[in-house]
$ cat entry-v3.cif   # mmCIF, C-alpha atoms
data_coords
#
loop_
_atom_site.label_atom_id
_atom_site.label_comp_id
_atom_site.auth_asym_id
_atom_site.auth_seq_id
_atom_site.Cartn_x
_atom_site.Cartn_y
_atom_site.Cartn_z
CA MET S 250 -0.14 -87.82 -82.88
CA GLN S 251 -3.07 -89.86 -81.60
CA ASN S 252 -4.24 -86.96 -79.43
CA ILE S 253 -4.04 -84.60 -82.38
CA ALA S 254 -6.00 -87.03 -84.53
CA GLU S 255 -8.63 -87.36 -81.83
CA ALA S 256 -8.86 -83.57 -81.53
CA PHE S 257 -9.40 -83.24 -85.28
CA GLY S 258 -12.07 -85.93 -85.17
CA LEU S 259 -13.88 -84.19 -82.32
CA ALA S 260 -13.56 -80.85 -84.11
CA LEU S 261 -15.17 -82.22 -87.26
CA SER S 262 -17.97 -83.79 -85.24
CA LEU S 263 -18.63 -80.43 -83.54
CA VAL S 264 -18.82 -78.67 -86.90
CA LEU S 265 -21.03 -81.27 -88.54
CA SER S 266 -23.33 -81.80 -85.57
CA GLY S 267 -24.24 -78.11 -85.32
CA GLU S 268 -23.01 -77.72 -81.73
CA ALA S 269 -24.88 -74.77 -80.19
CA ASP S 270 -21.97 -72.97 -78.49
CA LEU S 271 -19.83 -73.27 -81.60
CA TYR S 272 -22.40 -71.73 -83.93
CA GLU S 273 -23.32 -69.07 -81.39
CA ILE S 274 -19.70 -67.89 -81.56
CA VAL S 275 -19.68 -68.13 -85.36
CA GLY S 276 -22.94 -66.17 -85.60
CA LEU S 277 -21.65 -63.37 -83.38
CA SER S 278 -18.41 -63.22 -85.39
CA LEU S 279 -20.33 -62.84 -88.63
CA ARG S 280 -22.70 -60.24 -87.16
CA VAL S 281 -19.87 -58.11 -85.80
CA SER S 282 -17.65 -58.35 -88.88
CA LEU S 283 -20.44 -57.82 -91.41
CA SER S 284 -21.72 -54.80 -89.49
CA ALA S 285 -18.23 -53.32 -89.27
CA THR S 286 -17.59 -53.92 -92.97
CA LEU S 287 -20.85 -52.26 -93.99
CA LEU S 288 -20.13 -49.24 -91.79
CA ALA S 289 -16.57 -49.03 -93.07
CA SER S 290 -17.82 -49.19 -96.66
CA ALA S 291 -20.34 -46.43 -96.01
CA ILE S 292 -17.46 -44.23 -94.83
CA GLY S 293 -14.51 -45.46 -96.87
CA LEU S 294 -16.09 -45.67 -100.34
CA PRO S 295 -17.16 -41.99 -100.48
CA VAL S 296 -13.77 -40.90 -99.11
CA GLY S 297 -11.92 -43.03 -101.65
CA ALA S 298 -14.12 -41.81 -104.50
CA LEU S 299 -13.72 -38.16 -103.53
CA VAL S 300 -9.93 -38.42 -103.37
CA ALA S 301 -9.88 -40.37 -106.66
CA VAL S 302 -11.63 -37.65 -108.70
CA SER S 303 -10.31 -34.56 -106.89
CA ARG S 304 -7.09 -32.67 -107.38
CA PHE S 305 -6.08 -30.39 -104.52
CA ARG S 306 -3.04 -29.12 -102.70
CA GLY S 307 -1.71 -31.68 -100.26
CA ARG S 308 -3.29 -34.61 -102.09
CA GLY S 309 0.01 -36.49 -102.06
CA LEU S 310 0.16 -36.23 -98.28
CA VAL S 311 -3.42 -37.46 -98.03
CA LEU S 312 -2.53 -40.51 -100.13
CA VAL S 313 0.48 -41.25 -97.94
CA VAL S 314 -1.66 -41.04 -94.81
CA MET S 315 -4.40 -43.22 -96.32
CA ASN S 316 -1.92 -45.91 -97.28
CA ALA S 317 -0.13 -45.71 -93.93
CA LEU S 318 -3.38 -46.13 -92.00
CA MET S 319 -3.95 -49.47 -93.74
CA GLY S 320 -1.31 -50.84 -91.39
CA LEU S 321 -2.90 -49.57 -88.16
CA PRO S 322 -1.81 -51.86 -85.28
CA PRO S 323 -4.99 -53.56 -84.02
CA VAL S 324 -3.94 -53.47 -80.37
CA VAL S 325 -3.37 -49.71 -80.59
CA VAL S 326 -6.81 -49.22 -82.11
CA GLY S 327 -8.26 -51.43 -79.39
CA LEU S 328 -6.53 -49.41 -76.69
CA LEU S 329 -7.75 -46.08 -78.10
CA VAL S 330 -11.32 -47.35 -78.41
CA TYR S 331 -11.11 -48.77 -74.88
CA LEU S 332 -9.97 -45.42 -73.50
CA SER S 333 -12.73 -43.61 -75.40
CA LEU S 334 -15.45 -45.96 -74.18
CA SER S 335 -14.28 -46.36 -70.59
CA ARG S 336 -16.22 -44.61 -67.84
CA SER S 337 -13.78 -41.69 -67.75
CA GLY S 338 -13.56 -41.50 -71.56
CA PRO S 339 -15.44 -39.07 -73.82
CA LEU S 340 -17.81 -41.81 -75.02
CA GLY S 341 -18.20 -43.57 -71.70
CA PHE S 342 -21.81 -42.42 -71.37
CA LEU S 343 -22.75 -44.75 -74.26
CA GLY S 344 -22.03 -47.83 -72.16
CA LEU S 345 -20.60 -49.74 -75.11
CA LEU S 346 -17.47 -51.17 -73.50
CA TYR S 347 -17.47 -54.98 -73.40
CA THR S 348 -20.38 -55.19 -75.83
CA PRO S 349 -20.58 -56.21 -79.50
CA GLY S 350 -21.03 -52.51 -80.31
CA ALA S 351 -17.52 -51.76 -79.06
CA MET S 352 -16.15 -54.58 -81.18
CA ILE S 353 -17.96 -53.27 -84.25
CA LEU S 354 -16.52 -49.80 -83.62
CA ALA S 355 -12.97 -51.12 -83.29
CA GLN S 356 -13.23 -53.23 -86.44
CA THR S 357 -14.79 -50.34 -88.37
CA ILE S 358 -11.84 -48.07 -87.50
CA LEU S 359 -9.45 -50.77 -88.69
CA ILE S 360 -11.27 -51.39 -91.98
CA VAL S 361 -12.10 -47.83 -93.07
CA PRO S 362 -8.51 -47.05 -94.23
CA ILE S 363 -8.37 -50.33 -96.17
CA VAL S 364 -11.65 -49.67 -97.97
CA ALA S 365 -10.78 -46.01 -98.62
CA ALA S 366 -7.27 -46.69 -99.96
CA LEU S 367 -8.19 -49.67 -102.14
CA SER S 368 -11.34 -48.07 -103.54
CA ARG S 369 -9.39 -44.89 -104.27
CA GLN S 370 -6.94 -46.86 -106.38
CA VAL S 371 -9.71 -48.69 -108.26
CA LEU S 372 -11.71 -45.54 -108.94
CA GLU S 373 -8.68 -43.43 -109.84
CA ASP S 374 -7.69 -45.93 -112.53
CA LEU S 375 -11.25 -45.85 -113.91
CA HIS S 376 -11.32 -42.06 -113.74
CA ALA S 377 -8.13 -41.83 -115.78
CA GLU S 378 -9.76 -44.05 -118.40
CA TYR S 379 -13.02 -42.07 -118.52
CA ALA S 380 -11.69 -38.55 -117.88
CA ASP S 381 -12.02 -37.35 -121.49
CA GLN S 382 -15.59 -38.66 -121.76
CA PHE S 383 -16.55 -37.02 -118.48
CA ARG S 384 -15.18 -33.67 -119.70
CA SER S 385 -16.97 -33.94 -123.02
CA LEU S 386 -20.25 -34.67 -121.23
CA CYS S 387 -19.64 -31.88 -118.69
CA LEU S 388 -20.40 -34.19 -115.77
CA SER S 389 -20.31 -32.78 -112.26
CA PRO S 390 -18.03 -34.43 -109.67
CA ARG S 391 -21.07 -36.09 -108.11
CA GLN S 392 -22.17 -37.53 -111.45
CA SER S 393 -18.64 -38.69 -112.18
CA ILE S 394 -18.41 -40.44 -108.82
CA ALA S 395 -21.78 -42.13 -109.32
CA THR S 396 -20.69 -43.39 -112.75
CA LEU S 397 -17.37 -44.65 -111.43
CA LEU S 398 -19.01 -46.45 -108.52
CA TRP S 399 -21.40 -48.22 -110.87
CA ASP S 400 -18.82 -49.18 -113.49
CA GLY S 401 -16.36 -50.30 -110.82
CA ARG S 402 -18.93 -52.26 -108.79
CA TYR S 403 -17.29 -55.65 -109.26
CA ALA S 404 -13.85 -54.38 -108.30
CA LEU S 405 -15.37 -52.53 -105.34
CA LEU S 406 -17.03 -55.74 -104.18
CA THR S 407 -13.57 -57.29 -103.98
CA VAL S 408 -12.54 -54.31 -101.84
CA TRP S 409 -15.54 -55.00 -99.59
CA LEU S 410 -14.58 -58.65 -99.32
CA ALA S 411 -11.00 -57.70 -98.48
CA GLY S 412 -12.32 -55.54 -95.66
CA PHE S 413 -14.54 -58.36 -94.40
CA GLY S 414 -11.64 -60.80 -94.49
CA ARG S 415 -9.58 -58.39 -92.41
CA ALA S 416 -12.42 -57.98 -89.92
CA ILE S 417 -13.30 -61.65 -89.44
CA ALA S 418 -9.66 -62.51 -88.66
CA GLU S 419 -9.18 -59.70 -86.12
CA VAL S 420 -8.28 -60.63 -82.55
CA GLY S 421 -6.17 -57.92 -80.89
CA ALA S 422 -8.61 -55.03 -80.91
CA VAL S 423 -11.78 -57.02 -80.23
CA ILE S 424 -10.39 -58.81 -77.21
CA ILE S 425 -9.42 -55.48 -75.64
CA VAL S 426 -12.78 -53.77 -76.13
CA GLY S 427 -14.98 -56.87 -75.99
CA GLY S 428 -13.37 -58.77 -73.14
CA ASN S 429 -14.05 -62.22 -74.67
CA ILE S 430 -17.15 -62.71 -72.48
CA ASP S 431 -18.93 -66.03 -72.98
CA HIS S 432 -22.34 -65.73 -74.70
CA LEU S 433 -21.83 -61.99 -75.15
CA THR S 434 -18.60 -60.93 -76.88
CA ARG S 435 -16.79 -64.18 -77.66
CA VAL S 436 -15.96 -64.40 -81.37
CA MET S 437 -14.05 -67.03 -83.31
CA THR S 438 -10.57 -65.56 -83.05
CA THR S 439 -10.75 -64.78 -79.33
CA ALA S 440 -12.37 -68.16 -78.61
CA ILE S 441 -9.61 -69.97 -80.48
CA ALA S 442 -6.97 -68.19 -78.40
CA LEU S 443 -8.82 -68.95 -75.15
CA GLU S 444 -9.61 -72.60 -75.89
CA THR S 445 -6.05 -73.26 -77.03
CA SER S 446 -4.67 -71.82 -73.77
CA LYS S 447 -7.15 -74.03 -71.83
CA GLY S 448 -6.11 -77.10 -73.79
CA ASP S 449 -9.54 -77.61 -75.39
CA LEU S 450 -8.12 -78.31 -78.84
CA ALA S 451 -11.33 -79.79 -80.23
CA LEU S 452 -13.34 -76.57 -79.95
CA ALA S 453 -10.35 -74.46 -81.02
CA LEU S 454 -9.84 -76.62 -84.10
CA ALA S 455 -13.56 -76.61 -84.91
CA LEU S 456 -13.59 -72.81 -84.84
CA GLY S 457 -10.37 -72.79 -86.86
CA ILE S 458 -11.97 -74.99 -89.50
CA VAL S 459 -14.97 -72.65 -89.80
CA LEU S 460 -12.68 -69.62 -89.95
CA LEU S 461 -10.55 -71.27 -92.63
CA VAL S 462 -13.64 -72.16 -94.68
CA LEU S 463 -14.82 -68.54 -94.44
CA ALA S 464 -11.39 -67.28 -95.52
CA LEU S 465 -11.36 -69.64 -98.49
CA GLY S 466 -14.90 -68.60 -99.35
CA VAL S 467 -13.95 -64.92 -99.32
CA ASN S 468 -10.95 -65.57 -101.57
CA ALA S 469 -13.04 -67.67 -103.94
CA ALA S 470 -15.62 -64.89 -104.12
CA VAL S 471 -12.89 -62.34 -104.87
CA GLN S 472 -11.55 -64.48 -107.73
CA ALA S 473 -15.06 -65.04 -109.11
CA LEU S 474 -15.79 -61.31 -109.05
CA ARG S 475 -12.50 -60.55 -110.80
CA LEU S 476 -13.34 -63.03 -113.55
CA THR S 477 -16.82 -61.54 -113.85
CA ALA S 478 -15.36 -58.04 -114.09
CA ALA S 479 -12.90 -59.18 -116.77
CA ARG S 480 -15.70 -60.74 -118.81
CA GLN S 481 -17.79 -57.58 -118.47
CA ALA S 482 -14.84 -55.45 -119.62
CA HIS S 483 -14.35 -57.56 -122.76
CA ALA S 484 -18.05 -57.93 -123.53
#

$ encode --input "entry-v3.cif" --output "structure tokens"
Amino acid sequence: MQNIAEAFGLALSLVLSGEADLYEIVGLSLRVSLSATLLASAIGLPVGALVAVSRFRGRGLVLVVMNALMGLPPVVVGLLVYLSLSRSGPLGFLGLLYTPGAMILAQTILIVPIVAALSRQVLEDLHAEYADQFRSLCLSPRQSIATLLWDGRYALLTVWLAGFGRAIAEVGAVIIVGGNIDHLTRVMTTAIALETSKGDLALALALGIVLLVLALGVNAAVQALRLTAARQAHA
């Protein structure tokens, strides 16, 4: 117990003292996950919106596939991205393997289905509520989507935060395509796994504390946005 207490004390001192290696890892984690979430939103939101307002043959199958892809195994995604970016792969000429770019790509692939499926549900519910008004105003699909995206902005921000939370906690895919290289591709989750295996509990716990604070912050932001959306709806 004394060793654990000492490790927690050292971890807190690392966090509070602004230790350079610690915050370098945190900074890279945020850069990779934020980039992946923005890319995933740029892809997933239009896909979700289009499926939400469209009615076409095979739509049920598309919904099943979208929901199923939310549970993509990270290690499988990491393996597929690794094979694509390796020297003999179709994207090997890009030279992205074992770089932050490869990690962003892997996380983006993991998050796109989450953003698309959740945004589709949010926008479909709104579309059902506004459908009669849209018909009476003779809005085009593009105008309808723009209106839905604006009116559902608070709910869609929670979708974005859900995607970010999924990205920042990812370890399986990023360690395969990033390699966990010090000062290059080492992020919080991979560093925690490495430092724990080395027995450096202080650094692992310090990174765990930062990761936990980020997770709590994301959840608090989601709750705040939901309350804001509820107040806007009743205003």

$ residues_around --input "entry-v3.cif" --residues "segment 287-299 of chain S" --least-positions-apart "3" --cutoff "7 Å" --atoms "all atoms listed in the file" --output "VMD selection string"
chain S and resid 283 to 284 302 to 303 357 360 to 362 364 to 366 368 to 369 372 394 409

$ residues_around --input "entry-v3.cif" --residues "His432 of chain S" --least-positions-apart "5" --cutoff "10 Å" --atoms "all atoms listed in the file" --output "list in words"
Asp270, Glu273, Ile274 and Leu277 of chain S

$ residues_around --input "entry-v3.cif" --residues "Ile425 of chain S" --least-positions-apart "4" --cutoff "7 Å" --atoms "all atoms listed in the file" --output "PyMOL selection string"
chain S and resi 327-328+331+421

$ closest_residue --input "entry-v3.cif" --among "S:Thr407, S:Val436, S:Ile417, S:Gly427" --to "Leu334 of chain S" --atoms "all atoms listed in the file"
S:Gly427

$ residues_near_point --input "entry-v3.cif" --point "(-10.3, -79.0, -76.0)" --cutoff "12 Å" --atoms "all atoms listed in the file" --output "VMD selection string"
chain S and resid 252 to 253 255 to 260 263 440 to 456

$ atom_distance --input "entry-v3.cif" --atom1 "atom CA of Gly267 of chain S" --atom2 "atom CA of Leu463 of chain S"
16.2 Å

$ closest_residue --input "entry-v3.cif" --among "S:Gly350, S:Gly276, S:Gly457, S:Gly320" --to "Ile363 of chain S" --atoms "only C-alpha atoms"
S:Gly320

$ resolve_selection --input "entry-v3.cif" --expression "the PyMOL selection byres ((chain S and resi 345) around 12)" --output "VMD selection string"
chain S and resid 330 to 336 338 to 344 346 to 355 426 to 428 434

$ resolve_selection --input "entry-v3.cif" --expression "the PyMOL selection byres ((chain S and resi 469-477) around 10)" --output "VMD selection string"
chain S and resid 402 to 411 463 to 468 478 to 482

$ residues_around --input "entry-v3.cif" --residues "Ala416 of chain S" --least-positions-apart "3" --cutoff "6 Å" --atoms "all atoms listed in the file" --output "mmCIF file with C-alpha atoms, in the frame of the given file"
data_model
loop_
_atom_site.group_PDB
_atom_site.id
_atom_site.type_symbol
_atom_site.label_atom_id
_atom_site.label_comp_id
_atom_site.auth_asym_id
_atom_site.auth_seq_id
_atom_site.Cartn_x
_atom_site.Cartn_y
_atom_site.Cartn_z
ATOM 1 C CA SER S 282 -17.650 -58.350 -88.880
ATOM 2 C CA GLN S 356 -13.230 -53.230 -86.440
ATOM 3 C CA PHE S 413 -14.540 -58.360 -94.400
ATOM 4 C CA GLU S 419 -9.180 -59.700 -86.120
#

$ atom_distance --input "entry-v3.cif" --atom1 "atom CA of Leu318 of chain S" --atom2 "atom CA of Val300 of chain S"
15.2 Å

$ atom_distance --input "entry-v3.cif" --atom1 "atom CA of Leu279 of chain S" --atom2 "atom CA of Thr438 of chain S"
11.6 Å

$ closest_residue --input "entry-v3.cif" --among "S:Gly414, S:Gly401, S:Pro390, S:Gly307" --to "Leu359 of chain S" --atoms "only C-alpha atoms"
S:Gly414

$ closest_residue --input "entry-v3.cif" --among "S:Arg435, S:Val462, S:Leu261, S:Leu367" --to "Met315 of chain S" --atoms "only C-alpha atoms"
S:Leu367
